[in-house]
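Data file: run_36.csv. Format and content: CSV, N, CA and C atoms.
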```
chain,number,residue,atom,x,y,z
A,581,MET,N,35.9,-1.5,-24.6
A,581,MET,CA,34.7,-0.9,-24.1
A,581,MET,C,35.0,0.6,-23.9
A,582,GLY,N,36.1,1.0,-23.5
A,582,GLY,CA,36.5,2.4,-23.3
A,582,GLY,C,36.4,3.2,-24.5
A,583,THR,N,36.8,2.6,-25.7
A,583,THR,CA,36.7,3.3,-26.9
A,583,THR,C,35.3,3.5,-27.4
A,584,ALA,N,34.4,2.5,-27.0
A,584,ALA,CA,33.0,2.6,-27.4
A,584,ALA,C,32.3,3.7,-26.6
A,585,ILE,N,32.7,3.9,-25.4
A,585,ILE,CA,32.1,5.0,-24.5
A,585,ILE,C,32.6,6.3,-25.1
A,586,VAL,N,33.9,6.4,-25.4
A,586,VAL,CA,34.4,7.6,-26.0
A,586,VAL,C,33.7,8.0,-27.3
A,587,GLY,N,33.5,7.0,-28.1
A,587,GLY,CA,32.8,7.1,-29.4
A,587,GLY,C,31.4,7.6,-29.2
A,588,VAL,N,30.6,7.0,-28.3
A,588,VAL,CA,29.2,7.4,-28.0
A,588,VAL,C,29.2,8.8,-27.4
A,589,ALA,N,30.1,9.1,-26.5
A,589,ALA,CA,30.2,10.4,-25.9
A,589,ALA,C,30.5,11.5,-26.9
A,590,GLY,N,31.4,11.2,-27.8
A,590,GLY,CA,31.8,12.1,-28.9
A,590,GLY,C,30.6,12.4,-29.8
A,591,ALA,N,29.9,11.3,-30.2
A,591,ALA,CA,28.7,11.5,-31.0
A,591,ALA,C,27.6,12.3,-30.3
A,592,LEU,N,27.4,12.1,-29.1
A,592,LEU,CA,26.4,12.9,-28.3
A,592,LEU,C,26.8,14.3,-28.2
A,593,LEU,N,28.1,14.5,-28.0
A,593,LEU,CA,28.6,15.9,-27.9
A,593,LEU,C,28.5,16.6,-29.2
A,594,GLY,N,28.7,15.9,-30.3
A,594,GLY,CA,28.6,16.5,-31.6
A,594,GLY,C,27.1,16.9,-31.9
A,595,VAL,N,26.2,16.0,-31.5
A,595,VAL,CA,24.8,16.3,-31.7
A,595,VAL,C,24.4,17.5,-30.9
A,596,LEU,N,24.9,17.6,-29.6
A,596,LEU,CA,24.6,18.7,-28.8
A,596,LEU,C,25.1,20.0,-29.3
A,597,VAL,N,26.4,20.0,-29.7
A,597,VAL,CA,27.0,21.2,-30.3
A,597,VAL,C,26.3,21.6,-31.6
A,598,GLY,N,26.0,20.7,-32.4
A,598,GLY,CA,25.3,21.0,-33.7
A,598,GLY,C,23.9,21.6,-33.4
A,599,GLY,N,23.2,21.0,-32.5
A,599,GLY,CA,21.9,21.6,-32.1
A,599,GLY,C,21.9,23.0,-31.6
A,600,LEU,N,22.9,23.2,-30.7
A,600,LEU,CA,23.2,24.6,-30.2
A,600,LEU,C,23.5,25.6,-31.3
A,601,LEU,N,24.3,25.2,-32.2
A,601,LEU,CA,24.7,26.1,-33.3
A,601,LEU,C,23.5,26.4,-34.2
A,602,GLN,N,22.6,25.4,-34.4
A,602,GLN,CA,21.4,25.6,-35.2
A,602,GLN,C,20.5,26.6,-34.5
A,603,LEU,N,20.3,26.5,-33.1
A,603,LEU,CA,19.5,27.4,-32.4
A,603,LEU,C,20.1,28.8,-32.5
A,604,LEU,N,21.4,29.0,-32.4
A,604,LEU,CA,22.0,30.3,-32.5
A,604,LEU,C,21.8,30.9,-33.9
A,605,GLN,N,21.9,30.1,-34.9
A,605,GLN,CA,21.7,30.6,-36.3
A,605,GLN,C,20.2,31.0,-36.5
A,606,ALA,N,19.3,30.2,-35.9
A,606,ALA,CA,17.9,30.5,-36.1
A,606,ALA,C,17.6,31.8,-35.4
A,607,ALA,N,18.1,32.0,-34.2
A,607,ALA,CA,17.9,33.3,-33.5
A,607,ALA,C,18.5,34.5,-34.2
A,608,ARG,N,19.7,34.3,-34.8
A,608,ARG,CA,20.3,35.3,-35.6
A,608,ARG,C,19.4,35.7,-36.8
A,609,THR,N,18.9,34.6,-37.5
A,609,THR,CA,18.1,34.8,-38.7
A,609,THR,C,16.8,35.6,-38.3
A,610,ARG,N,16.2,35.2,-37.2
A,610,ARG,CA,14.9,35.9,-36.7
A,610,ARG,C,15.2,37.4,-36.5
A,611,ARG,N,16.4,37.7,-35.8
A,611,ARG,CA,16.8,39.0,-35.5
A,611,ARG,C,16.9,39.8,-36.8
A,612,TRP,N,17.6,39.3,-37.8
A,612,TRP,CA,17.8,39.9,-39.0
A,612,TRP,C,16.5,40.2,-39.7
A,613,GLN,N,15.6,39.2,-39.7
A,613,GLN,CA,14.3,39.4,-40.3
A,613,GLN,C,13.5,40.5,-39.6
A,614,ARG,N,13.5,40.6,-38.3
A,614,ARG,CA,12.9,41.7,-37.6
A,614,ARG,C,13.4,43.0,-37.9
A,615,GLU,N,14.8,43.1,-38.0
A,615,GLU,CA,15.4,44.4,-38.3
A,615,GLU,C,15.1,44.8,-39.7
A,616,ASP,N,15.0,43.9,-40.6
A,616,ASP,CA,14.7,44.2,-42.0
A,616,ASP,C,13.2,44.7,-42.1
A,617,ALA,N,12.3,44.0,-41.4
A,617,ALA,CA,10.9,44.4,-41.5
A,617,ALA,C,10.7,45.8,-40.8
A,618,LEU,N,11.4,46.0,-39.7
A,618,LEU,CA,11.4,47.3,-39.1
A,618,LEU,C,11.9,48.4,-40.0
A,619,GLY,N,13.0,48.1,-40.7
A,619,GLY,CA,13.6,49.1,-41.6
A,619,GLY,C,12.6,49.4,-42.7
A,620,LYS,N,11.9,48.4,-43.2
A,620,LYS,CA,10.9,48.7,-44.3
A,620,LYS,C,9.7,49.5,-43.8
A,621,LEU,N,9.3,49.2,-42.6
A,621,LEU,CA,8.2,49.9,-42.0
A,621,LEU,C,8.6,51.4,-41.8
A,622,LYS,N,9.8,51.6,-41.3
A,622,LYS,CA,10.2,53.0,-41.0
A,622,LYS,C,10.3,53.7,-42.4
A,623,GLN,N,10.9,53.1,-43.4
A,623,GLN,CA,11.0,53.7,-44.7
A,623,GLN,C,9.7,54.2,-45.2
A,624,ALA,N,8.7,53.3,-45.1
A,624,ALA,CA,7.4,53.7,-45.6
A,624,ALA,C,6.7,54.8,-44.8
A,625,VAL,N,6.9,54.8,-43.5
A,625,VAL,CA,6.3,55.8,-42.7
A,625,VAL,C,7.1,57.2,-42.9
A,626,TYR,N,8.4,57.1,-43.0
A,626,TYR,CA,9.1,58.3,-43.3
A,626,TYR,C,8.7,58.9,-44.6
A,627,ALA,N,8.5,58.1,-45.6
A,627,ALA,CA,8.1,58.6,-46.9
A,627,ALA,C,6.7,59.2,-46.8
A,628,GLU,N,5.8,58.6,-46.1
A,628,GLU,CA,4.4,59.1,-46.0
A,628,GLU,C,4.5,60.5,-45.2
A,629,TYR,N,5.3,60.6,-44.2
A,629,TYR,CA,5.5,61.8,-43.4
A,629,TYR,C,5.9,62.9,-44.3
A,630,LEU,N,7.0,62.7,-45.1
A,630,LEU,CA,7.5,63.7,-46.0
A,630,LEU,C,6.5,64.1,-47.1
A,631,ARG,N,5.8,63.1,-47.6
A,631,ARG,CA,4.8,63.3,-48.7
A,631,ARG,C,3.7,64.2,-48.1
A,632,ALA,N,3.3,63.9,-46.9
A,632,ALA,CA,2.2,64.7,-46.3
A,632,ALA,C,2.7,66.2,-46.1
A,633,ILE,N,3.9,66.4,-45.7
A,633,ILE,CA,4.5,67.8,-45.6
A,633,ILE,C,4.4,68.5,-47.0
A,634,SER,N,4.9,67.8,-48.0
A,634,SER,CA,4.8,68.4,-49.3
A,634,SER,C,3.4,68.7,-49.8
A,635,ALA,N,2.5,67.8,-49.6
A,635,ALA,CA,1.1,68.0,-50.0
A,635,ALA,C,0.5,69.1,-49.2
A,636,SER,N,0.8,69.2,-47.9
A,636,SER,CA,0.3,70.2,-47.1
A,636,SER,C,0.8,71.6,-47.6
A,637,TYR,N,2.0,71.7,-48.0
A,637,TYR,CA,2.5,72.9,-48.5
A,637,TYR,C,1.8,73.3,-49.8
A,638,GLY,N,1.5,72.3,-50.7
A,638,GLY,CA,0.8,72.5,-51.9
A,638,GLY,C,-0.6,73.1,-51.6
A,639,GLN,N,-1.3,72.5,-50.6
A,639,GLN,CA,-2.6,73.0,-50.2
A,639,GLN,C,-2.5,74.4,-49.7
A,640,ALA,N,-1.5,74.7,-48.9
A,640,ALA,CA,-1.3,76.0,-48.3
A,640,ALA,C,-1.1,77.1,-49.4
A,641,MET,N,-0.3,76.7,-50.4
A,641,MET,CA,0.0,77.7,-51.5
A,641,MET,C,-1.3,77.9,-52.3
A,642,ALA,N,-2.1,76.9,-52.4
A,642,ALA,CA,-3.4,77.0,-53.2
A,642,ALA,C,-4.5,77.7,-52.3
A,643,GLY,N,-4.2,77.9,-51.1
A,643,GLY,CA,-5.2,78.5,-50.2
A,643,GLY,C,-6.2,77.5,-49.7
A,644,ASP,N,-6.0,76.3,-49.9
A,644,ASP,CA,-6.9,75.2,-49.6
A,644,ASP,C,-6.4,74.5,-48.4
A,645,ARG,N,-7.0,74.8,-47.2
A,645,ARG,CA,-6.6,74.1,-46.0
A,645,ARG,C,-7.7,73.1,-45.6
A,646,SER,N,-7.9,72.1,-46.3
A,646,SER,CA,-8.9,71.1,-46.0
A,646,SER,C,-8.4,70.2,-44.8
A,647,ARG,N,-7.2,70.3,-44.5
A,647,ARG,CA,-6.6,69.6,-43.4
A,647,ARG,C,-6.4,68.1,-43.6
A,648,THR,N,-6.7,67.6,-44.8
A,648,THR,CA,-6.5,66.2,-45.0
A,648,THR,C,-5.0,65.8,-44.8
A,649,GLU,N,-4.1,66.6,-45.3
A,649,GLU,CA,-2.7,66.3,-45.2
A,649,GLU,C,-2.2,66.5,-43.8
A,650,ASP,N,-2.8,67.5,-43.1
A,650,ASP,CA,-2.4,67.6,-41.7
A,650,ASP,C,-2.8,66.3,-40.9
A,651,ALA,N,-3.9,65.7,-41.2
A,651,ALA,CA,-4.3,64.5,-40.6
A,651,ALA,C,-3.3,63.4,-40.9
A,652,ARG,N,-2.9,63.3,-42.2
A,652,ARG,CA,-1.9,62.3,-42.6
A,652,ARG,C,-0.6,62.5,-41.9
A,653,LEU,N,-0.2,63.8,-41.8
A,653,LEU,CA,1.0,64.1,-41.1
A,653,LEU,C,1.0,63.7,-39.6
A,654,HIS,N,-0.1,64.0,-39.0
A,654,HIS,CA,-0.3,63.5,-37.6
A,654,HIS,C,-0.2,62.0,-37.5
A,655,ALA,N,-0.9,61.3,-38.4
A,655,ALA,CA,-0.9,59.8,-38.4
A,655,ALA,C,0.5,59.3,-38.5
A,656,ALA,N,1.3,59.9,-39.5
A,656,ALA,CA,2.7,59.4,-39.8
A,656,ALA,C,3.5,59.7,-38.6
A,657,THR,N,3.3,60.9,-37.9
A,657,THR,CA,4.1,61.3,-36.8
A,657,THR,C,3.9,60.3,-35.6
A,658,ALA,N,2.6,59.9,-35.4
A,658,ALA,CA,2.3,58.9,-34.4
A,658,ALA,C,3.0,57.6,-34.7
A,659,GLU,N,3.1,57.2,-35.9
A,659,GLU,CA,3.8,55.9,-36.2
A,659,GLU,C,5.3,56.1,-36.0
A,660,ILE,N,5.8,57.2,-36.3
A,660,ILE,CA,7.2,57.5,-36.1
A,660,ILE,C,7.5,57.4,-34.6
A,661,ASP,N,6.6,58.0,-33.8
A,661,ASP,CA,6.8,57.9,-32.3
A,661,ASP,C,6.9,56.4,-31.8
A,662,VAL,N,6.2,55.5,-32.5
A,662,VAL,CA,6.2,54.1,-32.1
A,662,VAL,C,7.4,53.4,-32.6
A,663,LEU,N,7.8,53.7,-33.9
A,663,LEU,CA,8.8,52.9,-34.6
A,663,LEU,C,10.2,53.4,-34.3
A,664,ALA,N,10.4,54.7,-34.1
A,664,ALA,CA,11.7,55.3,-34.1
A,664,ALA,C,12.2,55.6,-32.7
A,665,ASP,N,13.5,55.8,-32.5
A,665,ASP,CA,14.0,56.2,-31.2
A,665,ASP,C,13.6,57.7,-31.0
A,666,ARG,N,13.8,58.1,-29.7
A,666,ARG,CA,13.4,59.5,-29.3
A,666,ARG,C,14.2,60.5,-30.1
A,667,GLU,N,15.4,60.2,-30.5
A,667,GLU,CA,16.3,61.2,-31.2
A,667,GLU,C,15.7,61.5,-32.6
A,668,VAL,N,14.9,60.6,-33.1
A,668,VAL,CA,14.3,60.8,-34.4
A,668,VAL,C,12.9,61.3,-34.2
A,669,ALA,N,12.1,60.7,-33.3
A,669,ALA,CA,10.7,61.0,-33.1
A,669,ALA,C,10.5,62.4,-32.6
A,670,GLY,N,11.3,62.8,-31.7
A,670,GLY,CA,11.2,64.2,-31.2
A,670,GLY,C,11.3,65.3,-32.2
A,671,PRO,N,12.4,65.3,-33.0
A,671,PRO,CA,12.4,66.3,-34.0
A,671,PRO,C,11.3,66.2,-35.1
A,672,ALA,N,10.9,65.0,-35.4
A,672,ALA,CA,9.8,64.8,-36.4
A,672,ALA,C,8.5,65.4,-35.8
A,673,ARG,N,8.3,65.2,-34.6
A,673,ARG,CA,7.1,65.7,-33.9
A,673,ARG,C,7.1,67.3,-33.9
A,674,ASP,N,8.3,67.8,-33.6
A,674,ASP,CA,8.5,69.3,-33.6
A,674,ASP,C,8.2,69.9,-35.0
A,675,LEU,N,8.8,69.2,-36.0
A,675,LEU,CA,8.6,69.7,-37.3
A,675,LEU,C,7.2,69.6,-37.8
A,676,ALA,N,6.5,68.6,-37.4
A,676,ALA,CA,5.1,68.5,-37.8
A,676,ALA,C,4.3,69.7,-37.3
A,677,GLY,N,4.5,70.0,-36.0
A,677,GLY,CA,3.8,71.2,-35.4
A,677,GLY,C,4.2,72.5,-36.1
A,678,ALA,N,5.5,72.7,-36.4
A,678,ALA,CA,5.9,73.9,-37.1
A,678,ALA,C,5.3,74.0,-38.5
A,679,VAL,N,5.3,72.8,-39.2
A,679,VAL,CA,4.8,72.8,-40.6
A,679,VAL,C,3.3,73.2,-40.6
A,680,ILE,N,2.5,72.6,-39.7
A,680,ILE,CA,1.1,72.9,-39.7
A,680,ILE,C,0.9,74.4,-39.4
A,681,GLU,N,1.6,74.9,-38.4
A,681,GLU,CA,1.5,76.3,-38.1
A,681,GLU,C,1.8,77.2,-39.2
A,682,VAL,N,2.9,77.0,-39.9
A,682,VAL,CA,3.3,77.8,-41.0
A,682,VAL,C,2.4,77.7,-42.2
A,683,HIS,N,2.0,76.5,-42.5
A,683,HIS,CA,1.2,76.2,-43.6
A,683,HIS,C,-0.2,76.9,-43.4
A,684,THR,N,-0.7,76.9,-42.2
A,684,THR,CA,-1.9,77.5,-41.9
A,684,THR,C,-1.8,79.0,-42.1
A,685,LYS,N,-0.7,79.6,-41.7
A,685,LYS,CA,-0.5,81.1,-42.0
A,685,LYS,C,-0.4,81.4,-43.5
A,686,ILE,N,0.3,80.5,-44.2
A,686,ILE,CA,0.5,80.7,-45.6
A,686,ILE,C,-0.9,80.7,-46.3
A,687,ALA,N,-1.7,79.7,-45.9
A,687,ALA,CA,-3.0,79.5,-46.6
A,687,ALA,C,-4.0,80.7,-46.2
A,688,ALA,N,-3.8,81.3,-45.1
A,688,ALA,CA,-4.6,82.4,-44.6
A,688,ALA,C,-4.2,83.7,-45.4
A,689,ALA,N,-3.1,83.6,-46.1
A,689,ALA,CA,-2.6,84.8,-46.8
A,689,ALA,C,-2.3,86.0,-45.9
A,690,GLY,N,-2.0,85.6,-44.6
A,690,GLY,CA,-1.7,86.6,-43.6
A,690,GLY,C,-0.3,87.0,-43.8
A,691,GLY,N,0.5,86.3,-44.6
A,691,GLY,CA,1.9,86.7,-44.8
A,691,GLY,C,2.8,86.0,-43.8
A,692,VAL,N,3.7,85.3,-44.3
A,692,VAL,CA,4.7,84.7,-43.4
A,692,VAL,C,6.1,85.1,-43.9
A,693,GLU,N,6.9,85.6,-43.0
A,693,GLU,CA,8.2,86.0,-43.3
A,693,GLU,C,9.0,84.9,-44.0
A,694,GLN,N,9.7,85.2,-45.0
A,694,GLN,CA,10.5,84.2,-45.7
A,694,GLN,C,11.5,83.5,-44.8
A,695,ALA,N,12.0,84.3,-43.8
A,695,ALA,CA,13.0,83.7,-42.9
A,695,ALA,C,12.3,82.5,-42.1
A,696,VAL,N,11.0,82.7,-41.8
A,696,VAL,CA,10.3,81.6,-41.0
A,696,VAL,C,10.2,80.4,-41.9
A,697,VAL,N,9.8,80.6,-43.1
A,697,VAL,CA,9.6,79.5,-44.1
A,697,VAL,C,10.9,78.8,-44.3
A,698,GLU,N,12.0,79.6,-44.4
A,698,GLU,CA,13.3,79.0,-44.6
A,698,GLU,C,13.8,78.2,-43.4
A,699,ALA,N,13.4,78.7,-42.2
A,699,ALA,CA,13.8,78.0,-40.9
A,699,ALA,C,13.1,76.7,-40.8
A,700,VAL,N,11.8,76.6,-41.2
A,700,VAL,CA,11.1,75.4,-41.2
A,700,VAL,C,11.6,74.4,-42.2
A,701,ASP,N,12.0,74.9,-43.4
A,701,ASP,CA,12.6,74.1,-44.4
A,701,ASP,C,14.0,73.5,-44.0
A,702,ARG,N,14.8,74.3,-43.3
A,702,ARG,CA,16.0,73.8,-42.7
A,702,ARG,C,15.8,72.7,-41.7
A,703,GLN,N,14.7,72.9,-40.9
A,703,GLN,CA,14.3,71.9,-39.9
A,703,GLN,C,13.9,70.6,-40.6
A,704,ARG,N,13.1,70.7,-41.8
A,704,ARG,CA,12.7,69.6,-42.6
A,704,ARG,C,13.9,68.8,-43.1
A,705,LEU,N,14.9,69.6,-43.6
A,705,LEU,CA,16.1,68.9,-44.1
A,705,LEU,C,16.9,68.2,-43.0
A,706,ALA,N,16.9,68.8,-41.9
A,706,ALA,CA,17.6,68.1,-40.7
A,706,ALA,C,16.9,66.8,-40.3
A,707,VAL,N,15.6,66.8,-40.4
A,707,VAL,CA,14.8,65.6,-40.1
A,707,VAL,C,15.1,64.5,-41.1
A,708,ILE,N,15.1,65.0,-42.4
A,708,ILE,CA,15.4,64.0,-43.5
A,708,ILE,C,16.8,63.3,-43.2
A,709,GLU,N,17.8,64.1,-42.8
A,709,GLU,CA,19.1,63.5,-42.5
A,709,GLU,C,19.0,62.5,-41.3
A,710,LEU,N,18.1,62.8,-40.3
A,710,LEU,CA,17.9,61.9,-39.2
A,710,LEU,C,17.3,60.6,-39.7
A,711,PHE,N,16.3,60.7,-40.6
A,711,PHE,CA,15.7,59.6,-41.2
A,711,PHE,C,16.7,58.7,-41.9
A,712,LYS,N,17.5,59.4,-42.7
A,712,LYS,CA,18.6,58.6,-43.5
A,712,LYS,C,19.5,57.9,-42.6
A,713,ALA,N,19.9,58.6,-41.5
A,713,ALA,CA,20.9,57.9,-40.6
A,713,ALA,C,20.2,56.8,-39.9
A,714,ASP,N,18.9,56.9,-39.5
A,714,ASP,CA,18.2,55.9,-38.8
A,714,ASP,C,18.0,54.6,-39.7
A,715,LEU,N,17.9,54.9,-41.1
A,715,LEU,CA,17.7,53.8,-42.0
A,715,LEU,C,19.1,53.2,-42.5
A,716,GLY,N,20.2,53.8,-42.0
A,716,GLY,CA,21.5,53.4,-42.4
A,716,GLY,C,21.9,53.8,-43.8
A,717,LEU,N,21.3,54.9,-44.3
A,717,LEU,CA,21.6,55.4,-45.6
A,717,LEU,C,22.6,56.5,-45.5
A,718,GLY,N,23.8,56.3,-45.9
A,718,GLY,CA,24.8,57.4,-45.8
A,718,GLY,C,24.5,58.5,-46.8
A,719,LYS,N,25.3,59.5,-46.7
A,719,LYS,CA,25.2,60.6,-47.6
A,719,LYS,C,25.5,60.3,-49.0
```
Structure encoded using C-alpha cells:
Amino acid sequence: MGTAIVGVAGALLGVLVGGLLQLLQAARTRRWQREDALGKLKQAVYAEYLRAISASYGQAMAGDRSRTEDARLHAATAEIDVLADREVAGPARDLAGAVIEVHTKIAAAGGVEQAVVEAVDRQRLAVIELFKADLGLGK
C-alpha cells in the first residue's frame, strides 16, 4: 500500500510540475511574440519618420511647403512617443522640431547657414543610431 501511495503521489507531482513548466513556456512565448510585434511596429514607425524627413527636405528644396510631410513627421513622432523609451522619443521629438524649422527657412529662400543644416543632419544621424540601438541592430 505504501508503494501505491508513493506511485500516485509521484504521478500527481509529475503532472503538477509538467503543467507548471507548460505555463512558464507559454508565458515566455507570449513575451517573445509581444517583443517581436513591438520591434516590427517600431521599425515601421522609424522608417516612416525618416522618410518624412527626407520628403520634407525635398519639398523645401523645391520651394514647395505644402506641409504634408510635416504632418506625417508629427504623426510618426507621436507614435514614437508611445512606442519608444524617453531616451529615443525625446531626441526624435527635438529633431522633428529642428527639421521643420530649417526646412521652412530653406523653402522660404531666406537662406540658411550651411552650419545650421549640417548641425541638423548630425542630429538626424544621431537619432538614426538611437533607432538602431533600440531595435537591437548593431553597427
Wanna dump the range 591-642 of chain A-range 657-668 of chain A contacts at 8 Å for me, each residue with its shortest atom pair and the distance in Å to one decimal, counting all atoms listed in the file, ordered by chain and number, as a Markdown table?
```
| residue | atom | partner | partner_atom | distance |
| --- | --- | --- | --- | --- |
| A:Leu618 | CA | A:Leu663 | CA | 7.6 |
| A:Leu621 | C | A:Leu663 | CA | 7.4 |
| A:Lys622 | CA | A:Leu663 | CA | 6.6 |
| A:Val625 | CA | A:Ile660 | N | 6.6 |
| A:Tyr626 | N | A:Ile660 | CA | 7.0 |
| A:Glu628 | C | A:Thr657 | N | 7.4 |
| A:Tyr629 | CA | A:Thr657 | N | 6.0 |
```
Point (-0.2, 76.2, -44.9) neighbourhood (12 Å, only C-alpha atoms) written as a short mmCIF file (atom, residue, chain, number, x, y, z; two decimals) with N, CA and C atoms, in the frame of the given file:
```cif
data_model
loop_
_atom_site.label_atom_id
_atom_site.label_comp_id
_atom_site.auth_asym_id
_atom_site.auth_seq_id
_atom_site.Cartn_x
_atom_site.Cartn_y
_atom_site.Cartn_z
N ALA A 632 3.30 63.90 -46.90
CA ALA A 632 2.20 64.70 -46.30
C ALA A 632 2.70 66.20 -46.10
N ILE A 633 3.90 66.40 -45.70
CA ILE A 633 4.50 67.80 -45.60
C ILE A 633 4.40 68.50 -47.00
N SER A 634 4.90 67.80 -48.00
CA SER A 634 4.80 68.40 -49.30
C SER A 634 3.40 68.70 -49.80
N ALA A 635 2.50 67.80 -49.60
CA ALA A 635 1.10 68.00 -50.00
C ALA A 635 0.50 69.10 -49.20
N SER A 636 0.80 69.20 -47.90
CA SER A 636 0.30 70.20 -47.10
C SER A 636 0.80 71.60 -47.60
N TYR A 637 2.00 71.70 -48.00
CA TYR A 637 2.50 72.90 -48.50
C TYR A 637 1.80 73.30 -49.80
N GLY A 638 1.50 72.30 -50.70
CA GLY A 638 0.80 72.50 -51.90
C GLY A 638 -0.60 73.10 -51.60
N GLN A 639 -1.30 72.50 -50.60
CA GLN A 639 -2.60 73.00 -50.20
C GLN A 639 -2.50 74.40 -49.70
N ALA A 640 -1.50 74.70 -48.90
CA ALA A 640 -1.30 76.00 -48.30
C ALA A 640 -1.10 77.10 -49.40
N MET A 641 -0.30 76.70 -50.40
CA MET A 641 0.00 77.70 -51.50
C MET A 641 -1.30 77.90 -52.30
N ALA A 642 -2.10 76.90 -52.40
CA ALA A 642 -3.40 77.00 -53.20
C ALA A 642 -4.50 77.70 -52.30
N GLY A 643 -4.20 77.90 -51.10
CA GLY A 643 -5.20 78.50 -50.20
C GLY A 643 -6.20 77.50 -49.70
N ASP A 644 -6.00 76.30 -49.90
CA ASP A 644 -6.90 75.20 -49.60
C ASP A 644 -6.40 74.50 -48.40
N ARG A 645 -7.00 74.80 -47.20
CA ARG A 645 -6.60 74.10 -46.00
C ARG A 645 -7.70 73.10 -45.60
N SER A 646 -7.90 72.10 -46.30
CA SER A 646 -8.90 71.10 -46.00
C SER A 646 -8.40 70.20 -44.80
N ARG A 647 -7.20 70.30 -44.50
CA ARG A 647 -6.60 69.60 -43.40
C ARG A 647 -6.40 68.10 -43.60
N THR A 648 -6.70 67.60 -44.80
CA THR A 648 -6.50 66.20 -45.00
C THR A 648 -5.00 65.80 -44.80
N GLU A 649 -4.10 66.60 -45.30
CA GLU A 649 -2.70 66.30 -45.20
C GLU A 649 -2.20 66.50 -43.80
N ASP A 650 -2.80 67.50 -43.10
CA ASP A 650 -2.40 67.60 -41.70
C ASP A 650 -2.80 66.30 -40.90
N ALA A 676 6.50 68.60 -37.40
CA ALA A 676 5.10 68.50 -37.80
C ALA A 676 4.30 69.70 -37.30
N GLY A 677 4.50 70.00 -36.00
CA GLY A 677 3.80 71.20 -35.40
C GLY A 677 4.20 72.50 -36.10
N ALA A 678 5.50 72.70 -36.40
CA ALA A 678 5.90 73.90 -37.10
C ALA A 678 5.30 74.00 -38.50
N VAL A 679 5.30 72.80 -39.20
CA VAL A 679 4.80 72.80 -40.60
C VAL A 679 3.30 73.20 -40.60
N ILE A 680 2.50 72.60 -39.70
CA ILE A 680 1.10 72.90 -39.70
C ILE A 680 0.90 74.40 -39.40
N GLU A 681 1.60 74.90 -38.40
CA GLU A 681 1.50 76.30 -38.10
C GLU A 681 1.80 77.20 -39.20
N VAL A 682 2.90 77.00 -39.90
CA VAL A 682 3.30 77.80 -41.00
C VAL A 682 2.40 77.70 -42.20
N HIS A 683 2.00 76.50 -42.50
CA HIS A 683 1.20 76.20 -43.60
C HIS A 683 -0.20 76.90 -43.40
N THR A 684 -0.70 76.90 -42.20
CA THR A 684 -1.90 77.50 -41.90
C THR A 684 -1.80 79.00 -42.10
N LYS A 685 -0.70 79.60 -41.70
CA LYS A 685 -0.50 81.10 -42.00
C LYS A 685 -0.40 81.40 -43.50
N ILE A 686 0.30 80.50 -44.20
CA ILE A 686 0.50 80.70 -45.60
C ILE A 686 -0.90 80.70 -46.30
N ALA A 687 -1.70 79.70 -45.90
CA ALA A 687 -3.00 79.50 -46.60
C ALA A 687 -4.00 80.70 -46.20
N ALA A 688 -3.80 81.30 -45.10
CA ALA A 688 -4.60 82.40 -44.60
C ALA A 688 -4.20 83.70 -45.40
N ALA A 689 -3.10 83.60 -46.10
CA ALA A 689 -2.60 84.80 -46.80
C ALA A 689 -2.30 86.00 -45.90
N GLY A 690 -2.00 85.60 -44.60
CA GLY A 690 -1.70 86.60 -43.60
C GLY A 690 -0.30 87.00 -43.80
N GLY A 691 0.50 86.30 -44.60
CA GLY A 691 1.90 86.70 -44.80
C GLY A 691 2.80 86.00 -43.80
N VAL A 692 3.70 85.30 -44.30
CA VAL A 692 4.70 84.70 -43.40
C VAL A 692 6.10 85.10 -43.90
N VAL A 697 9.80 80.60 -43.10
CA VAL A 697 9.60 79.50 -44.10
C VAL A 697 10.90 78.80 -44.30
N VAL A 700 11.80 76.60 -41.20
CA VAL A 700 11.10 75.40 -41.20
C VAL A 700 11.60 74.40 -42.20
#
```
* Structure fact -> In Å and to one decimal, CA of Gly619 in chain A is distant from atom C of Leu710 in chain A by 12.2 Å
* **One-decimal distance in Å that lies between CA of Ala656 in chain A and atom C of Ala624 in chain A** =>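 Calculated distance between atom C of Ala624 in chain A and CA of Ala656 in chain A is 7.9 Å.
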* Have a look at atom N of Leu604 in chain A and CA of Ile585 in chain A and let me know their distance in Å, one decimal. =>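 Between atom N of Leu604 in chain A and CA of Ile585 in chain A the gap works out to 27.4 Å.
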* To do: Can you list, as a ChimeraX atom specification, all residues belonging to range 619-698 of chain A that DSSP tags as helix (DSSP H, G or I)?
  => /A:619-641,648-663,666-687,694-698
